[in-house]
Every structure is written in C-alpha cells, then in structure tokens.
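Worksheet for the structure shown next.
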Amino acid sequence: MPRLPELMHRALFRALSLLSAKGQGLVLRRYFDWRHRVPDPWRLATDDYEQQKYLVTLKHLPPGPYRRIIEVGCSEGVFTLALAAAYPEAEIVGVDLSERALTRARARVPQNGHVRFVRADLLSHRPGDRFDLVFCSETLYYLGREERLRLASSRLSELLAPGGVLVAVHPWPESDRLHGFLDAHGSLARLSEQVYASSPRPFAITVYRTRAAA
Ligand SMILES: C[S@@+](CC[C@H](N)C(=O)[O-])C[C@H]1O[C@@H](n2cnc3c(N)ncnc32)[C@H](O)[C@@H]1O
C-alpha cells in the first residue's frame with residue numbers, strides 16, 4: 001500500500017498531466033527550476049544510497065560496446081559524471097527540463113567534447129539521433145497519467161539505435177506500474193529486472209533491448 005506522501009505526490013503530478021503535453025512541460029520546467037533553487041535537491045552527489053544505486057545500475061548493463069549514451073532526466077549530472085568515467089570514449093548526452101540543473105551539470109562534468117547537456121522535455125524531445133544506451137531513472141513518476149507514460153515510453157524507445165539498451169530505475173513496487181508502460185511498448189523487450197527490496201528505499205533496475213535484436 002503506497003504511503004500518504006507518495007499518494008499525494010502521485011495525485012499532484014497526475015493533476016498536472018491533465019494539461020496539454022506542452023502545458024505540462026511548461027509547468028514542470030518551472031517546478032524543476034524551483035526545485036533546483038538549492039544545489040542538488042535530492043542529495044544525489046552525497047547520499048550513499050544514491051551512489052550505491054548508480055554503482056549497481058552500471059553493474060546490470062549487458063556488455064557493450066556503448067558508443068552513444070543518453071541520460072534523460074539527468075538533473076545536475078551526478079550519474080552523467082559516473083557514465084563519463086565508465087565510458088570515456090562514448091559520446092554522452094544529458095537531458096533535463098531544468099536549465100538551472102543543467103548549468104550545474106555543465107560545471108560538474110568536464111566539457112571535453114564528448115559530453116554535452118541539452119534542455120528538453122522527455123515528452124517532446126525527438127532529436128533524430130539514436131543511442132546505444134538510454135537511461136531514465138527517478139523521472140517517470142513525474143509524468144502523471146497513463147497517456148503520458150505511454151508517450152514517454154514511445155519517446156524513450158525512439159531514442160534507441162537498433163539493438164540499443166534502455167535502463168529504467170525507479171522505486172519499487174511503483175516501478176511495476178511505471179515500467180509496465182515500457183513492457184507494453186511493442187518495440188521493447190525486457191532483458192532483466194533486479195529488485196533491491198531490502199534497500200532502505202527499495203528500487204528496481206529494469207533493462208530492455210530493442211525488440212528486433214532481443
Ligand atoms: C529526481 S531527479 C533524477 C536525477 C537522475 N536521473 C538520478 O536518478 O540521479 C529527476 C529529474 O528529472 C527531470 N525531469 C522531470 N520531468 C522531466 C521531463 N519531462 N523531461 C526531462 N526531464 C525531466 C527533473 O528536472 C529532475 O532533474
């Protein structure tokens with residue numbers, strides 16, 4: 001049974017998702033700029049739990065090579081920095097709605113030509129580029145109603161190159177519902193799921209590959 005704060009969180013973001021996708025994006029952009037009025041609002045850089053989650057996320061990846069990587073909902077680039085260290089040869093793109101978050105991400109991650117950050121909304125971002133590895137973590141629960149989660153699943157799957165890998169990381173058991181929209185997407189095949197149920201804040205790492213190569 002979800003706890004009260006979780007139910008309120010879900011209700012708030014579900015209500016916002018009753019707006020048009022464009023209106024929702026505008027409100028969320030303001031909201032996340034406001035959340036980033038202080039540095040690292042979720043303590044992603046300093047909380048052991050988050051650091052541990054990043055380590056195990058990288059551990060669950062199928063073997064590469066990964067030459068083109070995108071992280072959607074990258075906030076201030078804490079995980080992007082870990083990706084840049086793990087894949088020094090890869091081209092890496094971090095995407096977030098909040099320009100304030102991205103300003104800090106650009107300061108955190110050395111801008112040496114292979115990492116860049118783009119302000120965009122997951123629901124409308126269609127870059128045309130395709131990636132071998134796509135990350136979306138701790139972001140889908142902001143998107144609200146089912147139609148938006150289906151749209152997000154389509155947008156994420158469109159980012160994948162043939163044979164590409166998508167990794168979704170969200171709190172468990174809510175992940176069952178959120179990742180269910182990815183499961184239902186015709187072009188994605190689930191490769192694995194690891195649930196860390198005994199963690200202080202349980203979470204699931206679910207890995208997909210584009211169906212043609214699954
Ligand atoms: C809780 S943070 C997660 C950061 C990172 N993915 C992690 O797990 O460490 C969620 C981030 O998602 C971003 N976000 C939320 N909705 C988004 C959307 N529709 N498009 C792009 N970014 C979004 C927010 O601005 C915020 O920085």
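Residues are referred to by chain and number: the chain letter is A, B, ... according to the order shown in the structure tokens, the number counts from 1 in that chain, and ligands are numbered separately from 1 in the order shown.
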
Protein and nucleic residues near ligand 1, 8 Å, only C-alpha atoms and all ligand atoms, as a PDB file with N, CA and C atoms, in the first residue's frame:
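Just written: pocket_27.pdb:
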```
ATOM      1  N   GLY A  25       4.630  20.440 -19.744  1.00  0.00           N
ATOM      2  CA  GLY A  25       6.080  20.665 -19.842  1.00  0.00           C
ATOM      3  C   GLY A  25       6.468  22.025 -19.278  1.00  0.00           C
ATOM      4  N   LEU A  28       6.102  21.913 -15.445  1.00  0.00           N
ATOM      5  CA  LEU A  28       7.162  21.079 -14.844  1.00  0.00           C
ATOM      6  C   LEU A  28       8.525  21.771 -14.935  1.00  0.00           C
ATOM      7  N   ARG A  29       8.729  22.490 -16.031  1.00  0.00           N
ATOM      8  CA  ARG A  29      10.007  23.197 -16.186  1.00  0.00           C
ATOM      9  C   ARG A  29      10.172  24.212 -15.058  1.00  0.00           C
ATOM     10  N   PHE A  32      10.728  22.333 -11.741  1.00  0.00           N
ATOM     11  CA  PHE A  32      12.069  21.773 -11.522  1.00  0.00           C
ATOM     12  C   PHE A  32      13.145  22.852 -11.429  1.00  0.00           C
ATOM     13  N   ASP A  33      12.919  23.985 -12.051  1.00  0.00           N
ATOM     14  CA  ASP A  33      13.847  25.107 -11.807  1.00  0.00           C
ATOM     15  C   ASP A  33      13.724  25.557 -10.348  1.00  0.00           C
ATOM     16  N   HIS A  36      15.437  23.178  -8.090  1.00  0.00           N
ATOM     17  CA  HIS A  36      16.896  23.352  -8.150  1.00  0.00           C
ATOM     18  C   HIS A  36      17.324  24.739  -7.672  1.00  0.00           C
ATOM     19  N   TRP A  42      18.085  16.551  -4.311  1.00  0.00           N
ATOM     20  CA  TRP A  42      17.822  15.166  -3.863  1.00  0.00           C
ATOM     21  C   TRP A  42      19.087  14.543  -3.260  1.00  0.00           C
ATOM     22  N   LEU A  44      21.888  13.794  -4.565  1.00  0.00           N
ATOM     23  CA  LEU A  44      22.351  12.707  -5.432  1.00  0.00           C
ATOM     24  C   LEU A  44      23.862  12.539  -5.346  1.00  0.00           C
ATOM     25  N   GLU A  50      22.205   6.806  -3.037  1.00  0.00           N
ATOM     26  CA  GLU A  50      22.193   7.164  -4.463  1.00  0.00           C
ATOM     27  C   GLU A  50      23.467   6.662  -5.136  1.00  0.00           C
ATOM     28  N   TYR A  54      23.756   3.999  -8.248  1.00  0.00           N
ATOM     29  CA  TYR A  54      24.470   4.223  -9.518  1.00  0.00           C
ATOM     30  C   TYR A  54      25.414   3.060  -9.819  1.00  0.00           C
ATOM     31  N   GLU A  71      21.232  10.184 -21.134  1.00  0.00           N
ATOM     32  CA  GLU A  71      20.569  10.087 -19.830  1.00  0.00           C
ATOM     33  C   GLU A  71      19.452  11.118 -19.811  1.00  0.00           C
ATOM     34  N   VAL A  72      18.228  10.640 -19.676  1.00  0.00           N
ATOM     35  CA  VAL A  72      17.062  11.533 -19.695  1.00  0.00           C
ATOM     36  C   VAL A  72      16.653  11.815 -18.248  1.00  0.00           C
ATOM     37  N   GLY A  73      16.528  13.107 -17.913  1.00  0.00           N
ATOM     38  CA  GLY A  73      16.239  13.466 -16.527  1.00  0.00           C
ATOM     39  C   GLY A  73      17.528  13.420 -15.715  1.00  0.00           C
ATOM     40  N   CYS A  74      18.575  14.070 -16.228  1.00  0.00           N
ATOM     41  CA  CYS A  74      19.929  13.916 -15.645  1.00  0.00           C
ATOM     42  C   CYS A  74      20.172  14.830 -14.447  1.00  0.00           C
ATOM     43  N   SER A  75      19.237  15.776 -14.193  1.00  0.00           N
ATOM     44  CA  SER A  75      19.407  16.735 -13.097  1.00  0.00           C
ATOM     45  C   SER A  75      20.783  17.414 -13.203  1.00  0.00           C
ATOM     46  N   GLU A  76      21.572  17.373 -12.139  1.00  0.00           N
ATOM     47  CA  GLU A  76      22.840  18.116 -12.131  1.00  0.00           C
ATOM     48  C   GLU A  76      24.026  17.278 -12.609  1.00  0.00           C
ATOM     49  N   GLY A  77      23.720  16.161 -13.263  1.00  0.00           N
ATOM     50  CA  GLY A  77      24.777  15.410 -13.931  1.00  0.00           C
ATOM     51  C   GLY A  77      25.599  14.510 -13.024  1.00  0.00           C
ATOM     52  N   VAL A  78      25.038  14.106 -11.883  1.00  0.00           N
ATOM     53  CA  VAL A  78      25.826  13.260 -10.973  1.00  0.00           C
ATOM     54  C   VAL A  78      26.055  11.876 -11.607  1.00  0.00           C
ATOM     55  N   PHE A  79      24.990  11.279 -12.112  1.00  0.00           N
ATOM     56  CA  PHE A  79      25.159   9.976 -12.767  1.00  0.00           C
ATOM     57  C   PHE A  79      25.872  10.146 -14.113  1.00  0.00           C
ATOM     58  N   VAL A  95      20.025  15.063 -20.643  1.00  0.00           N
ATOM     59  CA  VAL A  95      18.844  15.870 -20.973  1.00  0.00           C
ATOM     60  C   VAL A  95      18.065  16.156 -19.699  1.00  0.00           C
ATOM     61  N   ASP A  96      17.646  17.387 -19.539  1.00  0.00           N
ATOM     62  CA  ASP A  96      16.790  17.708 -18.391  1.00  0.00           C
ATOM     63  C   ASP A  96      15.904  18.906 -18.752  1.00  0.00           C
ATOM     64  N   LEU A  97      14.802  19.013 -18.026  1.00  0.00           N
ATOM     65  CA  LEU A  97      13.884  20.142 -18.216  1.00  0.00           C
ATOM     66  C   LEU A  97      14.428  21.426 -17.616  1.00  0.00           C
ATOM     67  N   SER A  98      15.252  21.290 -16.579  1.00  0.00           N
ATOM     68  CA  SER A  98      15.649  22.465 -15.802  1.00  0.00           C
ATOM     69  C   SER A  98      16.997  23.022 -16.258  1.00  0.00           C
ATOM     70  N   ALA A 101      19.428  23.197 -13.374  1.00  0.00           N
ATOM     71  CA  ALA A 101      20.118  21.924 -13.111  1.00  0.00           C
ATOM     72  C   ALA A 101      21.257  21.734 -14.110  1.00  0.00           C
ATOM     73  N   ARG A 119      18.755  21.098 -22.811  1.00  0.00           N
ATOM     74  CA  ARG A 119      17.498  21.324 -22.099  1.00  0.00           C
ATOM     75  C   ARG A 119      16.335  20.902 -22.993  1.00  0.00           C
ATOM     76  N   ALA A 120      15.590  19.915 -22.550  1.00  0.00           N
ATOM     77  CA  ALA A 120      14.468  19.423 -23.356  1.00  0.00           C
ATOM     78  C   ALA A 120      13.517  18.641 -22.461  1.00  0.00           C
ATOM     79  N   ASP A 121      12.310  18.493 -22.979  1.00  0.00           N
ATOM     80  CA  ASP A 121      11.275  17.721 -22.289  1.00  0.00           C
ATOM     81  C   ASP A 121      11.236  16.325 -22.896  1.00  0.00           C
ATOM     82  N   LEU A 122      11.362  15.349 -22.042  1.00  0.00           N
ATOM     83  CA  LEU A 122      11.296  13.957 -22.485  1.00  0.00           C
ATOM     84  C   LEU A 122      10.081  13.710 -23.388  1.00  0.00           C
ATOM     85  N   LEU A 123       8.964  14.373 -23.077  1.00  0.00           N
ATOM     86  CA  LEU A 123       7.727  14.086 -23.816  1.00  0.00           C
ATOM     87  C   LEU A 123       7.722  14.664 -25.229  1.00  0.00           C
ATOM     88  N   PHE A 135      19.305   5.905 -20.536  1.00  0.00           N
ATOM     89  CA  PHE A 135      18.958   5.792 -19.118  1.00  0.00           C
ATOM     90  C   PHE A 135      17.781   6.698 -18.792  1.00  0.00           C
ATOM     91  N   CYS A 136      16.885   6.169 -17.990  1.00  0.00           N
ATOM     92  CA  CYS A 136      15.819   7.013 -17.457  1.00  0.00           C
ATOM     93  C   CYS A 136      15.589   6.581 -16.024  1.00  0.00           C
ATOM     94  N   SER A 137      16.064   7.384 -15.082  1.00  0.00           N
ATOM     95  CA  SER A 137      15.891   6.949 -13.707  1.00  0.00           C
ATOM     96  C   SER A 137      15.321   8.071 -12.846  1.00  0.00           C
ATOM     97  N   GLU A 138      14.418   7.641 -11.960  1.00  0.00           N
ATOM     98  CA  GLU A 138      13.766   8.555 -10.997  1.00  0.00           C
ATOM     99  C   GLU A 138      13.111   9.739 -11.724  1.00  0.00           C
ATOM    100  N   THR A 139      12.483   9.492 -12.821  1.00  0.00           N
ATOM    101  CA  THR A 139      11.898  10.570 -13.625  1.00  0.00           C
ATOM    102  C   THR A 139      10.463  10.257 -14.053  1.00  0.00           C
ATOM    103  N   LEU A 140      10.164   8.992 -14.356  1.00  0.00           N
ATOM    104  CA  LEU A 140       8.846   8.681 -14.946  1.00  0.00           C
ATOM    105  C   LEU A 140       7.689   9.015 -14.002  1.00  0.00           C
ATOM    106  N   TYR A 142       7.060  11.552 -12.488  1.00  0.00           N
ATOM    107  CA  TYR A 142       6.607  12.942 -12.601  1.00  0.00           C
ATOM    108  C   TYR A 142       5.657  13.145 -13.782  1.00  0.00           C
ATOM    109  N   LEU A 143       5.485  12.110 -14.585  1.00  0.00           N
ATOM    110  CA  LEU A 143       4.770  12.312 -15.851  1.00  0.00           C
ATOM    111  C   LEU A 143       3.268  12.119 -15.744  1.00  0.00           C
ATOM    112  N   VAL A 169      15.203   2.973 -13.904  1.00  0.00           N
ATOM    113  CA  VAL A 169      15.422   2.729 -12.466  1.00  0.00           C
ATOM    114  C   VAL A 169      14.418   3.576 -11.689  1.00  0.00           C
TER     115      VAL A 169
END
```

Contacts of Leu182 (chain A) within 8 Å, only C-alpha atoms, excl. fewer than 4 positions in-chain, as a PyMOL selection string
chain A and resi 150+153+178+188

Region 84-92 of chain A: which residues within 6 Å, counting only C-alpha atoms, same-chain residues fewer than 3 positions away excluded, as a list in words?
Arg67, Arg68, Ile69, Ile70, Leu81, His114 and Val115 of chain A

Go ahead and write the selection's residues with N, CA and C atoms as a PDB file, in the first residue's frame.
```pdb
ATOM      1  N   ARG A  67      28.696   3.333 -27.616  1.00  0.00           N
ATOM      2  CA  ARG A  67      29.404   4.498 -28.175  1.00  0.00           C
ATOM      3  C   ARG A  67      28.605   5.771 -28.016  1.00  0.00           C
ATOM      4  N   ARG A  68      27.272   5.631 -27.949  1.00  0.00           N
ATOM      5  CA  ARG A  68      26.411   6.813 -27.843  1.00  0.00           C
ATOM      6  C   ARG A  68      25.422   6.564 -26.711  1.00  0.00           C
ATOM      7  N   ILE A  69      25.472   7.442 -25.708  1.00  0.00           N
ATOM      8  CA  ILE A  69      24.694   7.234 -24.480  1.00  0.00           C
ATOM      9  C   ILE A  69      23.884   8.489 -24.186  1.00  0.00           C
ATOM     10  N   ILE A  70      22.646   8.306 -23.754  1.00  0.00           N
ATOM     11  CA  ILE A  70      21.841   9.463 -23.346  1.00  0.00           C
ATOM     12  C   ILE A  70      21.217   9.175 -21.981  1.00  0.00           C
ATOM     13  N   LEU A  81      28.268  12.029 -14.728  1.00  0.00           N
ATOM     14  CA  LEU A  81      29.706  12.031 -14.425  1.00  0.00           C
ATOM     15  C   LEU A  81      30.219  10.594 -14.293  1.00  0.00           C
ATOM     16  N   HIS A 114      33.113  15.254 -25.411  1.00  0.00           N
ATOM     17  CA  HIS A 114      32.323  14.029 -25.581  1.00  0.00           C
ATOM     18  C   HIS A 114      31.087  13.985 -24.685  1.00  0.00           C
ATOM     19  N   VAL A 115      30.931  14.989 -23.822  1.00  0.00           N
ATOM     20  CA  VAL A 115      29.716  15.077 -23.001  1.00  0.00           C
ATOM     21  C   VAL A 115      29.040  16.409 -23.282  1.00  0.00           C
TER      22      VAL A 115
END
```

What parts of region 3-211 of chain A does DSSP call strand (DSSP E or B)? I'd like the answer as a CSV table (one decimal) with N, CA, C and O atoms, in the first residue's frame.
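As written to disk, out_11.csv reads:
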```csv
chain,number,residue,atom,x,y,z
A,68,ARG,N,27.3,5.6,-27.9
A,68,ARG,CA,26.4,6.8,-27.8
A,68,ARG,C,25.4,6.6,-26.7
A,68,ARG,O,24.6,5.6,-26.7
A,69,ILE,N,25.5,7.4,-25.7
A,69,ILE,CA,24.7,7.2,-24.5
A,69,ILE,C,23.9,8.5,-24.2
A,69,ILE,O,24.4,9.6,-24.4
A,70,ILE,N,22.6,8.3,-23.8
A,70,ILE,CA,21.8,9.5,-23.3
A,70,ILE,C,21.2,9.2,-22.0
A,70,ILE,O,20.8,8.0,-21.7
A,71,GLU,N,21.2,10.2,-21.1
A,71,GLU,CA,20.6,10.1,-19.8
A,71,GLU,C,19.5,11.1,-19.8
A,71,GLU,O,19.7,12.3,-19.9
A,72,VAL,N,18.2,10.6,-19.7
A,72,VAL,CA,17.1,11.5,-19.7
A,72,VAL,C,16.7,11.8,-18.2
A,72,VAL,O,16.5,10.9,-17.5
A,91,GLU,N,30.2,9.1,-26.7
A,91,GLU,CA,29.5,10.4,-26.8
A,91,GLU,C,28.3,10.3,-25.8
A,91,GLU,O,27.5,9.4,-25.9
A,92,ILE,N,28.2,11.3,-24.9
A,92,ILE,CA,27.2,11.2,-23.9
A,92,ILE,C,26.4,12.5,-23.9
A,92,ILE,O,26.9,13.6,-23.9
A,93,VAL,N,25.1,12.3,-23.8
A,93,VAL,CA,24.2,13.5,-23.8
A,93,VAL,C,23.3,13.4,-22.5
A,93,VAL,O,22.7,12.3,-22.2
A,94,GLY,N,23.3,14.5,-21.8
A,94,GLY,CA,22.4,14.6,-20.6
A,94,GLY,C,21.2,15.5,-21.0
A,94,GLY,O,21.5,16.6,-21.5
A,95,VAL,N,20.0,15.1,-20.6
A,95,VAL,CA,18.8,15.9,-21.0
A,95,VAL,C,18.1,16.2,-19.7
A,95,VAL,O,17.9,15.3,-18.9
A,96,ASP,N,17.6,17.4,-19.5
A,96,ASP,CA,16.8,17.7,-18.4
A,96,ASP,C,15.9,18.9,-18.8
A,96,ASP,O,16.2,19.7,-19.6
A,115,VAL,N,30.9,15.0,-23.8
A,115,VAL,CA,29.7,15.1,-23.0
A,115,VAL,C,29.0,16.4,-23.3
A,115,VAL,O,29.7,17.4,-23.4
A,116,ARG,N,27.7,16.4,-23.5
A,116,ARG,CA,27.0,17.6,-23.6
A,116,ARG,C,25.6,17.5,-22.9
A,116,ARG,O,25.1,16.4,-22.7
A,117,PHE,N,25.1,18.7,-22.6
A,117,PHE,CA,23.8,18.7,-21.9
A,117,PHE,C,22.8,19.5,-22.8
A,117,PHE,O,23.2,20.6,-23.3
A,118,VAL,N,21.6,19.0,-22.8
A,118,VAL,CA,20.6,19.7,-23.6
A,118,VAL,C,19.3,19.9,-22.8
A,118,VAL,O,18.9,18.9,-22.1
A,119,ARG,N,18.8,21.1,-22.8
A,119,ARG,CA,17.5,21.3,-22.1
A,119,ARG,C,16.3,20.9,-23.0
A,119,ARG,O,16.1,21.4,-24.1
A,131,PHE,N,20.7,6.2,-30.0
A,131,PHE,CA,21.7,5.9,-28.9
A,131,PHE,C,21.8,4.4,-28.7
A,131,PHE,O,20.8,3.7,-28.7
A,132,ASP,N,23.0,3.9,-28.3
A,132,ASP,CA,23.2,2.5,-27.9
A,132,ASP,C,22.7,2.2,-26.5
A,132,ASP,O,22.4,1.1,-26.2
A,133,LEU,N,22.7,3.3,-25.7
A,133,LEU,CA,22.3,3.1,-24.3
A,133,LEU,C,21.5,4.3,-23.8
A,133,LEU,O,22.0,5.5,-24.0
A,134,VAL,N,20.3,4.1,-23.3
A,134,VAL,CA,19.4,5.1,-22.8
A,134,VAL,C,19.1,4.9,-21.4
A,134,VAL,O,18.7,3.8,-21.0
A,135,PHE,N,19.3,5.9,-20.5
A,135,PHE,CA,19.0,5.8,-19.1
A,135,PHE,C,17.8,6.7,-18.8
A,135,PHE,O,17.7,7.9,-19.2
A,136,CYS,N,16.9,6.2,-18.0
A,136,CYS,CA,15.8,7.0,-17.5
A,136,CYS,C,15.6,6.6,-16.0
A,136,CYS,O,15.0,5.5,-15.8
A,137,SER,N,16.1,7.4,-15.1
A,137,SER,CA,15.9,6.9,-13.7
A,137,SER,C,15.3,8.1,-12.8
A,137,SER,O,15.6,9.2,-13.0
A,160,LEU,N,16.4,4.8,-29.2
A,160,LEU,CA,17.3,3.7,-29.3
A,160,LEU,C,17.7,3.4,-30.7
A,160,LEU,O,16.9,3.3,-31.6
A,161,ALA,N,19.0,3.1,-30.9
A,161,ALA,CA,19.5,2.6,-32.1
A,161,ALA,C,19.1,1.1,-32.2
A,161,ALA,O,18.8,0.5,-31.1
A,162,PRO,N,19.2,0.5,-33.4
A,162,PRO,CA,18.9,-1.0,-33.4
A,162,PRO,C,19.8,-1.7,-32.5
A,162,PRO,O,21.0,-1.5,-32.4
A,163,GLY,N,19.2,-2.6,-31.7
A,163,GLY,CA,20.0,-3.4,-30.7
A,163,GLY,C,20.3,-2.6,-29.4
A,163,GLY,O,21.0,-3.1,-28.6
A,164,GLY,N,19.8,-1.3,-29.3
A,164,GLY,CA,20.2,-0.5,-28.2
A,164,GLY,C,19.5,-0.9,-26.9
A,164,GLY,O,18.5,-1.7,-26.9
A,165,VAL,N,20.1,-0.5,-25.8
A,165,VAL,CA,19.6,-0.9,-24.5
A,165,VAL,C,19.1,0.3,-23.7
A,165,VAL,O,19.6,1.4,-23.7
A,166,LEU,N,17.9,0.1,-23.1
A,166,LEU,CA,17.2,1.1,-22.3
A,166,LEU,C,17.2,0.6,-20.8
A,166,LEU,O,16.9,-0.6,-20.6
A,167,VAL,N,17.6,1.5,-19.9
A,167,VAL,CA,17.7,1.1,-18.5
A,167,VAL,C,16.8,2.1,-17.7
A,167,VAL,O,17.0,3.3,-17.8
A,168,ALA,N,15.8,1.5,-17.0
A,168,ALA,CA,14.9,2.3,-16.2
A,168,ALA,C,15.1,1.9,-14.7
A,168,ALA,O,15.1,0.8,-14.4
A,169,VAL,N,15.2,3.0,-13.9
A,169,VAL,CA,15.4,2.7,-12.5
A,169,VAL,C,14.4,3.6,-11.7
A,169,VAL,O,14.4,4.8,-11.8
A,170,HIS,N,13.6,2.9,-10.9
A,170,HIS,CA,12.5,3.6,-10.2
A,170,HIS,C,12.2,2.9,-8.9
A,170,HIS,O,12.5,1.7,-8.8
A,171,PRO,N,11.6,3.6,-7.9
A,171,PRO,CA,11.3,3.0,-6.7
A,171,PRO,C,10.4,1.8,-6.9
A,171,PRO,O,9.4,1.8,-7.7
A,188,LEU,N,10.0,-2.8,-27.5
A,188,LEU,CA,11.0,-3.0,-26.4
A,188,LEU,C,10.8,-4.4,-25.8
A,188,LEU,O,9.6,-4.9,-25.6
A,189,ALA,N,11.9,-5.1,-25.6
A,189,ALA,CA,11.8,-6.5,-25.0
A,189,ALA,C,12.6,-6.4,-23.7
A,189,ALA,O,13.7,-5.9,-23.7
A,190,ARG,N,12.0,-6.8,-22.6
A,190,ARG,CA,12.6,-6.8,-21.3
A,190,ARG,C,13.7,-7.9,-21.2
A,190,ARG,O,13.5,-9.0,-21.5
A,191,LEU,N,14.9,-7.4,-20.9
A,191,LEU,CA,16.0,-8.4,-20.7
A,191,LEU,C,16.2,-8.9,-19.3
A,191,LEU,O,16.5,-10.1,-19.1
A,192,SER,N,16.0,-8.0,-18.4
A,192,SER,CA,16.2,-8.4,-17.0
A,192,SER,C,15.6,-7.3,-16.0
A,192,SER,O,15.3,-6.2,-16.4
A,193,GLU,N,15.3,-7.8,-14.8
A,193,GLU,CA,14.9,-6.8,-13.8
A,193,GLU,C,15.6,-7.3,-12.5
A,193,GLU,O,15.5,-8.5,-12.1
A,194,GLN,N,16.2,-6.4,-11.8
A,194,GLN,CA,16.7,-6.6,-10.5
A,194,GLN,C,16.0,-5.7,-9.5
A,194,GLN,O,16.0,-4.5,-9.6
A,195,VAL,N,15.4,-6.4,-8.5
A,195,VAL,CA,14.7,-5.6,-7.4
A,195,VAL,C,15.5,-5.6,-6.2
A,195,VAL,O,15.9,-6.7,-5.7
A,196,TYR,N,15.8,-4.4,-5.6
A,196,TYR,CA,16.6,-4.3,-4.4
A,196,TYR,C,15.5,-4.0,-3.3
A,196,TYR,O,15.3,-2.9,-2.9
A,203,PHE,N,14.2,-0.3,-4.8
A,203,PHE,CA,14.1,0.2,-6.1
A,203,PHE,C,14.3,-1.0,-7.1
A,203,PHE,O,14.8,-2.1,-6.7
A,204,ALA,N,13.9,-0.8,-8.4
A,204,ALA,CA,14.1,-1.8,-9.4
A,204,ALA,C,14.9,-1.2,-10.5
A,204,ALA,O,14.7,-0.1,-10.9
A,205,ILE,N,15.8,-2.1,-11.1
A,205,ILE,CA,16.5,-1.7,-12.3
A,205,ILE,C,16.0,-2.7,-13.4
A,205,ILE,O,16.2,-3.9,-13.3
A,206,THR,N,15.4,-2.1,-14.4
A,206,THR,CA,14.8,-2.9,-15.5
A,206,THR,C,15.5,-2.6,-16.8
A,206,THR,O,15.7,-1.4,-17.1
A,207,VAL,N,15.9,-3.6,-17.5
A,207,VAL,CA,16.8,-3.4,-18.7
A,207,VAL,C,16.0,-4.0,-19.9
A,207,VAL,O,15.4,-5.1,-19.8
A,208,TYR,N,16.0,-3.2,-20.9
A,208,TYR,CA,15.3,-3.5,-22.2
A,208,TYR,C,16.3,-3.5,-23.4
A,208,TYR,O,17.2,-2.7,-23.3
A,209,ARG,N,15.9,-4.2,-24.4
A,209,ARG,CA,16.6,-4.0,-25.7
A,209,ARG,C,15.6,-3.9,-26.8
A,209,ARG,O,14.4,-4.3,-26.6
A,210,THR,N,16.0,-3.2,-27.8
A,210,THR,CA,15.0,-3.0,-28.9
A,210,THR,C,14.6,-4.4,-29.4
A,210,THR,O,15.5,-5.3,-29.5
```

With only C-alpha atoms as the counted atoms, please give the residues lying no more than 8 Å from Gly128 (chain A), apart from itself and same-chain residues fewer than 2 positions off, as JSON, numbers by chain.
{"A": [126, 130, 159]}

DSSP on the backbone: what in region 123-210 of chain A comes out helix (DSSP H, G or I), as a list in words?
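Checking each residue of region 123-210 of chain A, the helix (DSSP H, G or I) ones are Leu140, Tyr141, Tyr142, Glu146, Glu147, Arg148, Leu149, Arg150, Leu151, Ala152, Ser153, Ser154, Arg155, Leu156, Ser157, Glu158, Glu174, Ser175, Asp176, Arg177, Leu178, His179, Gly180, Phe181, Leu182 and Asp183 of chain A.
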
With only C-alpha atoms as the atoms that count, which of A:Arg37, A:Arg10, A:Arg43, A:Arg30 lies nearest to Glu146 (chain A)?
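Using only C-alpha atoms, Glu146 (chain A) sits closest to A:Arg10.
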
Distance CA of Pro127 (chain A)-CA of Leu156 (chain A), one decimal place?
11.1 Å

Using CA of Phe13 (chain A) and CA of Gly144 (chain A) as the two end points, give the distance in Å to one decimal.
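About the pair CA of Phe13 (chain A) and CA of Gly144 (chain A): they are 5.0 Å apart.
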